[in-house]
>>> print(open('entry23.txt').read())   # compact mmCIF, N, CA and C atoms
# COMPACT_ATOMS: atom_id res chain seq x y z
N MET A 1 -13.68 48.13 91.13
CA MET A 1 -14.28 48.61 89.90
C MET A 1 -13.24 49.44 89.16
N CYS A 2 -13.09 49.17 87.87
CA CYS A 2 -12.13 49.94 87.09
C CYS A 2 -12.86 51.09 86.39
N ALA A 3 -12.14 52.14 86.13
CA ALA A 3 -12.73 53.30 85.46
C ALA A 3 -12.49 53.16 83.97
N LEU A 4 -13.47 52.65 83.26
CA LEU A 4 -13.36 52.45 81.81
C LEU A 4 -13.57 53.75 81.06
N HIS A 5 -12.96 53.82 79.89
CA HIS A 5 -13.11 54.96 78.99
C HIS A 5 -13.45 54.44 77.60
N ARG A 6 -14.03 55.30 76.78
CA ARG A 6 -14.46 54.90 75.44
C ARG A 6 -13.32 54.35 74.58
N ASP A 7 -12.10 54.81 74.82
CA ASP A 7 -10.99 54.35 73.98
C ASP A 7 -10.24 53.15 74.56
N ASP A 8 -10.70 52.62 75.71
CA ASP A 8 -10.11 51.40 76.25
C ASP A 8 -10.54 50.21 75.38
N THR A 9 -9.65 49.25 75.23
CA THR A 9 -9.95 48.06 74.44
C THR A 9 -10.30 46.91 75.38
N VAL A 10 -11.37 46.20 75.04
CA VAL A 10 -11.89 45.12 75.86
C VAL A 10 -11.85 43.81 75.07
N SER A 11 -11.47 42.73 75.75
CA SER A 11 -11.49 41.40 75.13
C SER A 11 -11.79 40.36 76.21
N LEU A 12 -12.17 39.17 75.78
CA LEU A 12 -12.48 38.10 76.72
C LEU A 12 -11.20 37.58 77.35
N SER A 13 -11.28 37.25 78.61
CA SER A 13 -10.16 36.65 79.32
C SER A 13 -10.03 35.18 78.92
N ASN A 14 -8.80 34.67 78.89
CA ASN A 14 -8.63 33.24 78.60
C ASN A 14 -9.03 32.39 79.80
N GLN A 15 -9.37 33.02 80.92
CA GLN A 15 -9.86 32.30 82.10
C GLN A 15 -11.38 32.10 82.06
N ALA A 16 -12.03 32.62 81.02
CA ALA A 16 -13.49 32.52 80.91
C ALA A 16 -13.86 31.59 79.76
N VAL A 17 -14.49 30.47 80.09
CA VAL A 17 -15.04 29.59 79.05
C VAL A 17 -16.55 29.75 79.10
N TRP A 18 -17.18 29.66 77.93
CA TRP A 18 -18.61 29.97 77.89
C TRP A 18 -19.33 29.14 76.86
N SER A 19 -20.65 29.15 76.99
CA SER A 19 -21.53 28.46 76.05
C SER A 19 -22.83 29.25 75.92
N ASP A 20 -23.35 29.29 74.70
CA ASP A 20 -24.64 29.93 74.45
C ASP A 20 -25.72 28.89 74.67
N LEU A 21 -26.59 29.14 75.63
CA LEU A 21 -27.65 28.21 75.98
C LEU A 21 -29.00 28.79 75.58
N ASN A 22 -29.29 28.75 74.29
CA ASN A 22 -30.57 29.25 73.78
C ASN A 22 -30.86 30.69 74.19
N GLY A 23 -29.91 31.58 73.93
CA GLY A 23 -30.13 32.99 74.19
C GLY A 23 -29.58 33.50 75.51
N GLU A 24 -29.14 32.61 76.37
CA GLU A 24 -28.47 33.00 77.62
C GLU A 24 -27.06 32.43 77.56
N ILE A 25 -26.10 33.19 78.03
CA ILE A 25 -24.71 32.73 78.00
C ILE A 25 -24.30 32.34 79.41
N ALA A 26 -23.76 31.13 79.52
CA ALA A 26 -23.21 30.65 80.78
C ALA A 26 -21.69 30.74 80.67
N VAL A 27 -21.07 31.37 81.68
CA VAL A 27 -19.63 31.58 81.69
C VAL A 27 -19.06 30.95 82.96
N LEU A 28 -17.96 30.23 82.79
CA LEU A 28 -17.23 29.67 83.93
C LEU A 28 -15.88 30.34 84.00
N HIS A 29 -15.57 30.92 85.15
CA HIS A 29 -14.23 31.47 85.38
C HIS A 29 -13.38 30.30 85.87
N LEU A 30 -12.40 29.89 85.07
CA LEU A 30 -11.64 28.68 85.36
C LEU A 30 -10.88 28.74 86.67
N THR A 31 -10.23 29.83 86.95
CA THR A 31 -9.42 29.93 88.16
C THR A 31 -10.29 29.98 89.42
N ALA A 32 -11.33 30.79 89.38
CA ALA A 32 -12.19 30.96 90.55
C ALA A 32 -13.22 29.85 90.69
N GLY A 33 -13.54 29.15 89.58
CA GLY A 33 -14.55 28.11 89.63
C GLY A 33 -15.95 28.64 89.84
N ILE A 34 -16.19 29.87 89.37
CA ILE A 34 -17.49 30.52 89.56
C ILE A 34 -18.21 30.61 88.22
N TYR A 35 -19.52 30.31 88.24
CA TYR A 35 -20.36 30.44 87.05
C TYR A 35 -21.05 31.79 87.05
N PHE A 36 -21.23 32.33 85.85
CA PHE A 36 -21.95 33.58 85.66
C PHE A 36 -22.98 33.37 84.57
N GLY A 37 -24.12 34.03 84.66
CA GLY A 37 -25.14 34.00 83.61
C GLY A 37 -25.29 35.38 83.00
N ILE A 38 -25.38 35.42 81.67
CA ILE A 38 -25.52 36.68 80.95
C ILE A 38 -26.75 36.59 80.07
N GLU A 39 -27.59 37.64 80.10
CA GLU A 39 -28.82 37.66 79.31
C GLU A 39 -28.91 38.95 78.51
N GLY A 40 -29.88 39.00 77.62
CA GLY A 40 -30.23 40.21 76.89
C GLY A 40 -29.09 40.80 76.09
N ALA A 41 -28.98 42.14 76.17
CA ALA A 41 -27.93 42.84 75.43
C ALA A 41 -26.54 42.44 75.90
N GLY A 42 -26.44 41.94 77.12
CA GLY A 42 -25.16 41.44 77.61
C GLY A 42 -24.62 40.32 76.73
N CYS A 43 -25.51 39.48 76.21
CA CYS A 43 -25.10 38.41 75.29
C CYS A 43 -24.50 39.00 74.02
N GLU A 44 -25.10 40.06 73.53
CA GLU A 44 -24.60 40.72 72.33
C GLU A 44 -23.20 41.28 72.57
N ILE A 45 -22.99 41.90 73.72
CA ILE A 45 -21.68 42.43 74.06
C ILE A 45 -20.67 41.29 74.16
N TRP A 46 -21.03 40.23 74.88
CA TRP A 46 -20.11 39.10 75.09
C TRP A 46 -19.66 38.51 73.76
N LYS A 47 -20.60 38.30 72.87
CA LYS A 47 -20.24 37.74 71.55
C LYS A 47 -19.40 38.72 70.75
N PHE A 48 -19.70 40.00 70.85
CA PHE A 48 -18.98 41.03 70.09
C PHE A 48 -17.52 41.13 70.53
N ILE A 49 -17.25 40.92 71.82
CA ILE A 49 -15.88 41.08 72.30
C ILE A 49 -15.07 39.77 72.26
N GLN A 50 -15.54 38.82 71.46
CA GLN A 50 -14.69 37.66 71.18
C GLN A 50 -13.41 38.14 70.49
N GLU A 51 -13.52 39.22 69.76
CA GLU A 51 -12.38 39.93 69.18
C GLU A 51 -12.26 41.24 69.94
N PRO A 52 -11.05 41.71 70.19
CA PRO A 52 -10.90 42.97 70.93
C PRO A 52 -11.58 44.15 70.23
N HIS A 53 -12.28 44.95 71.02
CA HIS A 53 -12.94 46.16 70.53
C HIS A 53 -12.82 47.23 71.60
N THR A 54 -12.83 48.48 71.17
CA THR A 54 -12.86 49.56 72.14
C THR A 54 -14.27 49.65 72.72
N VAL A 55 -14.35 50.26 73.88
CA VAL A 55 -15.65 50.48 74.51
C VAL A 55 -16.53 51.31 73.58
N GLY A 56 -15.94 52.29 72.92
CA GLY A 56 -16.69 53.11 71.96
C GLY A 56 -17.26 52.28 70.82
N GLN A 57 -16.49 51.32 70.31
CA GLN A 57 -16.99 50.45 69.25
C GLN A 57 -18.13 49.58 69.75
N ILE A 58 -18.03 49.11 70.98
CA ILE A 58 -19.11 48.31 71.57
C ILE A 58 -20.38 49.13 71.67
N ILE A 59 -20.27 50.35 72.16
CA ILE A 59 -21.43 51.23 72.29
C ILE A 59 -22.02 51.52 70.91
N ASP A 60 -21.19 51.83 69.93
CA ASP A 60 -21.68 52.09 68.57
C ASP A 60 -22.40 50.87 68.00
N HIS A 61 -21.87 49.68 68.25
CA HIS A 61 -22.50 48.44 67.78
C HIS A 61 -23.88 48.27 68.41
N LEU A 62 -23.97 48.53 69.71
CA LEU A 62 -25.26 48.40 70.39
C LEU A 62 -26.26 49.44 69.92
N LEU A 63 -25.80 50.67 69.67
CA LEU A 63 -26.69 51.71 69.17
C LEU A 63 -27.24 51.37 67.79
N ALA A 64 -26.44 50.66 66.98
CA ALA A 64 -26.88 50.24 65.65
C ALA A 64 -27.81 49.03 65.72
N THR A 65 -27.75 48.29 66.83
CA THR A 65 -28.52 47.05 66.97
C THR A 65 -29.83 47.25 67.71
N TYR A 66 -29.83 48.12 68.72
CA TYR A 66 -30.99 48.31 69.59
C TYR A 66 -31.50 49.75 69.51
N GLU A 67 -32.78 49.92 69.79
CA GLU A 67 -33.36 51.26 69.90
C GLU A 67 -33.18 51.72 71.34
N VAL A 68 -32.14 52.51 71.55
CA VAL A 68 -31.83 53.00 72.89
C VAL A 68 -31.10 54.33 72.74
N SER A 69 -31.27 55.20 73.71
CA SER A 69 -30.57 56.49 73.64
C SER A 69 -29.08 56.27 73.91
N LYS A 70 -28.28 57.18 73.39
CA LYS A 70 -26.83 57.07 73.56
C LYS A 70 -26.46 57.13 75.04
N ASP A 71 -27.08 58.03 75.80
CA ASP A 71 -26.76 58.17 77.22
C ASP A 71 -27.06 56.88 77.99
N VAL A 72 -28.22 56.31 77.76
CA VAL A 72 -28.60 55.07 78.45
C VAL A 72 -27.67 53.93 78.02
N CYS A 73 -27.40 53.84 76.73
CA CYS A 73 -26.52 52.79 76.22
C CYS A 73 -25.13 52.89 76.85
N GLU A 74 -24.58 54.09 76.92
CA GLU A 74 -23.26 54.28 77.52
C GLU A 74 -23.27 53.88 78.99
N GLU A 75 -24.25 54.36 79.72
CA GLU A 75 -24.33 54.07 81.15
C GLU A 75 -24.41 52.57 81.41
N LEU A 76 -25.30 51.88 80.70
CA LEU A 76 -25.48 50.45 80.91
C LEU A 76 -24.27 49.64 80.42
N THR A 77 -23.66 50.08 79.34
CA THR A 77 -22.48 49.36 78.81
C THR A 77 -21.31 49.48 79.77
N PHE A 78 -21.04 50.69 80.25
CA PHE A 78 -19.95 50.87 81.20
C PHE A 78 -20.19 50.04 82.47
N SER A 79 -21.42 50.04 82.96
CA SER A 79 -21.76 49.28 84.15
C SER A 79 -21.56 47.78 83.93
N PHE A 80 -22.03 47.28 82.80
CA PHE A 80 -21.91 45.86 82.49
C PHE A 80 -20.44 45.46 82.35
N LEU A 81 -19.66 46.27 81.63
CA LEU A 81 -18.25 45.95 81.44
C LEU A 81 -17.50 46.00 82.77
N ASP A 82 -17.84 46.93 83.65
CA ASP A 82 -17.25 46.95 84.98
C ASP A 82 -17.54 45.66 85.74
N GLN A 83 -18.78 45.16 85.60
CA GLN A 83 -19.16 43.91 86.26
C GLN A 83 -18.39 42.73 85.71
N LEU A 84 -18.06 42.75 84.42
CA LEU A 84 -17.26 41.68 83.82
C LEU A 84 -15.79 41.80 84.20
N ALA A 85 -15.30 43.02 84.33
CA ALA A 85 -13.89 43.24 84.63
C ALA A 85 -13.56 42.87 86.08
N GLU A 86 -14.48 43.14 86.98
CA GLU A 86 -14.23 42.92 88.41
C GLU A 86 -13.76 41.49 88.72
N PRO A 87 -14.45 40.44 88.23
CA PRO A 87 -13.99 39.08 88.52
C PRO A 87 -12.96 38.55 87.51
N GLY A 88 -12.57 39.38 86.55
CA GLY A 88 -11.56 38.96 85.59
C GLY A 88 -12.09 38.20 84.39
N LEU A 89 -13.36 38.41 84.04
CA LEU A 89 -13.93 37.74 82.87
C LEU A 89 -13.49 38.39 81.57
N ILE A 90 -13.10 39.67 81.65
CA ILE A 90 -12.60 40.38 80.47
C ILE A 90 -11.26 41.04 80.81
N LEU A 91 -10.51 41.32 79.77
CA LEU A 91 -9.27 42.08 79.88
C LEU A 91 -9.54 43.47 79.35
N VAL A 92 -8.98 44.48 80.00
CA VAL A 92 -9.16 45.86 79.58
C VAL A 92 -7.78 46.44 79.27
N GLN A 93 -7.58 46.85 78.05
CA GLN A 93 -6.34 47.51 77.65
C GLN A 93 -6.56 49.02 77.77
N THR A 94 -5.94 49.61 78.78
CA THR A 94 -6.07 51.05 79.01
C THR A 94 -4.83 51.75 78.50
N HIS A 95 -4.76 53.04 78.71
CA HIS A 95 -3.58 53.81 78.33
C HIS A 95 -2.35 53.31 79.08
N ALA A 96 -2.55 52.81 80.30
CA ALA A 96 -1.43 52.40 81.15
C ALA A 96 -1.07 50.92 80.97
N GLY A 97 -1.90 50.14 80.25
CA GLY A 97 -1.63 48.72 80.08
C GLY A 97 -2.86 47.88 80.34
N ILE A 98 -2.67 46.58 80.50
CA ILE A 98 -3.78 45.66 80.71
C ILE A 98 -4.13 45.60 82.19
N THR A 99 -5.45 45.63 82.49
CA THR A 99 -5.91 45.49 83.86
C THR A 99 -6.71 44.21 83.99
>>> encode(input="entry23.txt", output="structure tokens")
Amino acid sequence: MCALHRDDTVSLSNQAVWSDLNGEIAVLHLTAGIYFGIEGAGCEIWKFIQEPHTVGQIIDHLLATYEVSKDVCEELTFSFLDQLAEPGLILVQTHAGIT
């Protein structure tokens, strides 16, 4: 698990190909050959990070889109992004470089 920060930049990995299946996103990690399913607000995040954005921008986007408290939004966003980073579905640009 990586320790994400609000100013880290997140983008989709070129190893992740995906398709929107009527509100659920199916993702295939090309190297690992593993499928992942994404639902709900996770779909919104996935589509939003087609272009690189900071974690803070992602959280601000979700706060503008959904009725949720900032604390809950931050907690769930960090958790979700950690889950995407672990298998290499996203790239994280930190102060030290790309992870």
>>> select_by_dssp(input="entry23.txt", residues="chain A", states="helix (DSSP H, G or I)", output="ChimeraX atom specification")
/A:41-48,55-65,70-85
>>> closest_residue(input="entry23.txt", among="A:Leu28, A:Leu62, A:Leu21, A:Val92", to="Phe48 in chain A", atoms="only C-alpha atoms")
A:Leu62
>>> atom_distance(input="entry23.txt", atom1="CA of Asp71 in chain A", atom2="CA of Asn22 in chain A")
29.4 Å
>>> residues_around(input="entry23.txt", residues="His53 in chain A", least_positions_apart="4", cutoff="8 Å", atoms="only N, CA and C atoms", output="JSON, numbers by chain")
{"A": [6, 7, 8, 9, 10, 11, 12, 48, 49, 57, 58]}
>>> closest_residue(input="entry23.txt", among="A:Ala3, A:His61, A:Ile45, A:Val68", to="Asp82 in chain A", atoms="only C-alpha atoms")
A:Ala3
>>> residues_around(input="entry23.txt", residues="Phe36 in chain A", least_positions_apart="3", cutoff="6.5 Å", atoms="all atoms listed in the file", output="short mmCIF file (atom, residue, chain, number, x, y, z; two decimals) with N, CA and C atoms, keeping the file's coordinate frame")
data_model
loop_
_atom_site.label_atom_id
_atom_site.label_comp_id
_atom_site.auth_asym_id
_atom_site.auth_seq_id
_atom_site.Cartn_x
_atom_site.Cartn_y
_atom_site.Cartn_z
N ILE A 25 -26.10 33.19 78.03
CA ILE A 25 -24.71 32.73 78.00
C ILE A 25 -24.30 32.34 79.41
N ALA A 26 -23.76 31.13 79.52
CA ALA A 26 -23.21 30.65 80.78
C ALA A 26 -21.69 30.74 80.67
N VAL A 27 -21.07 31.37 81.68
CA VAL A 27 -19.63 31.58 81.69
C VAL A 27 -19.06 30.95 82.96
N LEU A 28 -17.96 30.23 82.79
CA LEU A 28 -17.23 29.67 83.93
C LEU A 28 -15.88 30.34 84.00
N HIS A 29 -15.57 30.92 85.15
CA HIS A 29 -14.23 31.47 85.38
C HIS A 29 -13.38 30.30 85.87
#
>>> axis_aligned_box(input="entry23.txt", around="range 4-17 of chain A", padding_each_side="8 Å", output="JSON")
{"center_x": -12.6, "center_y": 42.4, "center_z": 78.6, "size_x": 23.9, "size_y": 41.7, "size_z": 25.3}
>>> atom_distance(input="entry23.txt", atom1="atom N of Ala41 in chain A", atom2="atom C of Asn14 in chain A")
22.5 Å
>>> closest_residue(input="entry23.txt", among="A:Ala64, A:Leu81, A:Leu30, A:Val72", to="Cys43 in chain A", atoms="only C-alpha atoms")
A:Leu81
>>> closest_residue(input="entry23.txt", among="A:Phe80, A:Leu4, A:Ala85, A:Leu63", to="Gly42 in chain A", atoms="all atoms listed in the file")
A:Phe80
>>> atom_distance(input="entry23.txt", atom1="atom C of Asp20 in chain A", atom2="atom N of Ile90 in chain A")
18.0 Å
>>> closest_residue(input="entry23.txt", among="A:Thr31, A:Gly56, A:Gln50, A:Thr65", to="Ala16 in chain A", atoms="all atoms listed in the file")
A:Thr31
>>> select_by_dssp(input="entry23.txt", residues="chain A", states="strand (DSSP E)", output="ChimeraX atom specification")
/A:9-12,16-21,24-29,34-38,53-54,90-94,97-98
>>> closest_residue(input="entry23.txt", among="A:Ser19, A:Ser69, A:Val55, A:Asp60", to="Gln93 in chain A", atoms="only C-alpha atoms")
A:Val55
>>> build_atoms(input="entry23.txt", residues="range 24-45 of chain A", atoms="N, CA, C and O atoms", output="PDB file, in the frame of the given file")
ATOM      1  N   GLU A  24     -29.140  32.610  76.370  1.00  0.00           N
ATOM      2  CA  GLU A  24     -28.470  33.000  77.620  1.00  0.00           C
ATOM      3  C   GLU A  24     -27.060  32.430  77.560  1.00  0.00           C
ATOM      4  O   GLU A  24     -26.847  31.313  77.093  1.00  0.00           O
ATOM      5  N   ILE A  25     -26.100  33.190  78.030  1.00  0.00           N
ATOM      6  CA  ILE A  25     -24.710  32.730  78.000  1.00  0.00           C
ATOM      7  C   ILE A  25     -24.300  32.340  79.410  1.00  0.00           C
ATOM      8  O   ILE A  25     -24.496  33.091  80.370  1.00  0.00           O
ATOM      9  N   ALA A  26     -23.760  31.130  79.520  1.00  0.00           N
ATOM     10  CA  ALA A  26     -23.210  30.650  80.780  1.00  0.00           C
ATOM     11  C   ALA A  26     -21.690  30.740  80.670  1.00  0.00           C
ATOM     12  O   ALA A  26     -21.099  30.275  79.703  1.00  0.00           O
ATOM     13  N   VAL A  27     -21.070  31.370  81.680  1.00  0.00           N
ATOM     14  CA  VAL A  27     -19.630  31.580  81.690  1.00  0.00           C
ATOM     15  C   VAL A  27     -19.060  30.950  82.960  1.00  0.00           C
ATOM     16  O   VAL A  27     -19.609  31.113  84.041  1.00  0.00           O
ATOM     17  N   LEU A  28     -17.960  30.230  82.790  1.00  0.00           N
ATOM     18  CA  LEU A  28     -17.230  29.670  83.930  1.00  0.00           C
ATOM     19  C   LEU A  28     -15.880  30.340  84.000  1.00  0.00           C
ATOM     20  O   LEU A  28     -15.131  30.355  83.019  1.00  0.00           O
ATOM     21  N   HIS A  29     -15.570  30.920  85.150  1.00  0.00           N
ATOM     22  CA  HIS A  29     -14.230  31.470  85.380  1.00  0.00           C
ATOM     23  C   HIS A  29     -13.380  30.300  85.870  1.00  0.00           C
ATOM     24  O   HIS A  29     -13.619  29.762  86.959  1.00  0.00           O
ATOM     25  N   LEU A  30     -12.400  29.890  85.070  1.00  0.00           N
ATOM     26  CA  LEU A  30     -11.640  28.680  85.360  1.00  0.00           C
ATOM     27  C   LEU A  30     -10.880  28.740  86.670  1.00  0.00           C
ATOM     28  O   LEU A  30     -10.871  27.770  87.432  1.00  0.00           O
ATOM     29  N   THR A  31     -10.230  29.830  86.950  1.00  0.00           N
ATOM     30  CA  THR A  31      -9.420  29.930  88.160  1.00  0.00           C
ATOM     31  C   THR A  31     -10.290  29.980  89.420  1.00  0.00           C
ATOM     32  O   THR A  31     -10.009  29.292  90.392  1.00  0.00           O
ATOM     33  N   ALA A  32     -11.330  30.790  89.380  1.00  0.00           N
ATOM     34  CA  ALA A  32     -12.190  30.960  90.550  1.00  0.00           C
ATOM     35  C   ALA A  32     -13.220  29.850  90.690  1.00  0.00           C
ATOM     36  O   ALA A  32     -13.745  29.627  91.782  1.00  0.00           O
ATOM     37  N   GLY A  33     -13.540  29.150  89.580  1.00  0.00           N
ATOM     38  CA  GLY A  33     -14.550  28.110  89.630  1.00  0.00           C
ATOM     39  C   GLY A  33     -15.950  28.640  89.840  1.00  0.00           C
ATOM     40  O   GLY A  33     -16.813  27.971  90.381  1.00  0.00           O
ATOM     41  N   ILE A  34     -16.190  29.870  89.370  1.00  0.00           N
ATOM     42  CA  ILE A  34     -17.490  30.520  89.560  1.00  0.00           C
ATOM     43  C   ILE A  34     -18.210  30.610  88.220  1.00  0.00           C
ATOM     44  O   ILE A  34     -17.610  30.950  87.202  1.00  0.00           O
ATOM     45  N   TYR A  35     -19.520  30.310  88.240  1.00  0.00           N
ATOM     46  CA  TYR A  35     -20.360  30.440  87.050  1.00  0.00           C
ATOM     47  C   TYR A  35     -21.050  31.790  87.050  1.00  0.00           C
ATOM     48  O   TYR A  35     -21.447  32.289  88.091  1.00  0.00           O
ATOM     49  N   PHE A  36     -21.230  32.330  85.850  1.00  0.00           N
ATOM     50  CA  PHE A  36     -21.950  33.580  85.660  1.00  0.00           C
ATOM     51  C   PHE A  36     -22.980  33.370  84.570  1.00  0.00           C
ATOM     52  O   PHE A  36     -22.729  32.624  83.616  1.00  0.00           O
ATOM     53  N   GLY A  37     -24.120  34.030  84.660  1.00  0.00           N
ATOM     54  CA  GLY A  37     -25.140  34.000  83.610  1.00  0.00           C
ATOM     55  C   GLY A  37     -25.290  35.380  83.000  1.00  0.00           C
ATOM     56  O   GLY A  37     -25.302  36.379  83.713  1.00  0.00           O
ATOM     57  N   ILE A  38     -25.380  35.420  81.670  1.00  0.00           N
ATOM     58  CA  ILE A  38     -25.520  36.680  80.950  1.00  0.00           C
ATOM     59  C   ILE A  38     -26.750  36.590  80.070  1.00  0.00           C
ATOM     60  O   ILE A  38     -26.933  35.597  79.357  1.00  0.00           O
ATOM     61  N   GLU A  39     -27.590  37.640  80.100  1.00  0.00           N
ATOM     62  CA  GLU A  39     -28.820  37.660  79.310  1.00  0.00           C
ATOM     63  C   GLU A  39     -28.910  38.950  78.510  1.00  0.00           C
ATOM     64  O   GLU A  39     -28.163  39.895  78.732  1.00  0.00           O
ATOM     65  N   GLY A  40     -29.880  39.000  77.620  1.00  0.00           N
ATOM     66  CA  GLY A  40     -30.230  40.210  76.890  1.00  0.00           C
ATOM     67  C   GLY A  40     -29.090  40.800  76.090  1.00  0.00           C
ATOM     68  O   GLY A  40     -28.320  40.093  75.448  1.00  0.00           O
ATOM     69  N   ALA A  41     -28.980  42.140  76.170  1.00  0.00           N
ATOM     70  CA  ALA A  41     -27.930  42.840  75.430  1.00  0.00           C
ATOM     71  C   ALA A  41     -26.540  42.440  75.900  1.00  0.00           C
ATOM     72  O   ALA A  41     -25.569  42.561  75.146  1.00  0.00           O
ATOM     73  N   GLY A  42     -26.440  41.940  77.120  1.00  0.00           N
ATOM     74  CA  GLY A  42     -25.160  41.440  77.610  1.00  0.00           C
ATOM     75  C   GLY A  42     -24.620  40.320  76.730  1.00  0.00           C
ATOM     76  O   GLY A  42     -23.406  40.224  76.514  1.00  0.00           O
ATOM     77  N   CYS A  43     -25.510  39.480  76.210  1.00  0.00           N
ATOM     78  CA  CYS A  43     -25.100  38.410  75.290  1.00  0.00           C
ATOM     79  C   CYS A  43     -24.500  39.000  74.020  1.00  0.00           C
ATOM     80  O   CYS A  43     -23.499  38.489  73.502  1.00  0.00           O
ATOM     81  N   GLU A  44     -25.100  40.060  73.530  1.00  0.00           N
ATOM     82  CA  GLU A  44     -24.600  40.720  72.330  1.00  0.00           C
ATOM     83  C   GLU A  44     -23.200  41.280  72.570  1.00  0.00           C
ATOM     84  O   GLU A  44     -22.297  41.133  71.740  1.00  0.00           O
ATOM     85  N   ILE A  45     -22.990  41.900  73.720  1.00  0.00           N
ATOM     86  CA  ILE A  45     -21.680  42.430  74.060  1.00  0.00           C
ATOM     87  C   ILE A  45     -20.670  41.290  74.160  1.00  0.00           C
ATOM     88  O   ILE A  45     -19.572  41.363  73.610  1.00  0.00           O
TER      89      ILE A  45
END
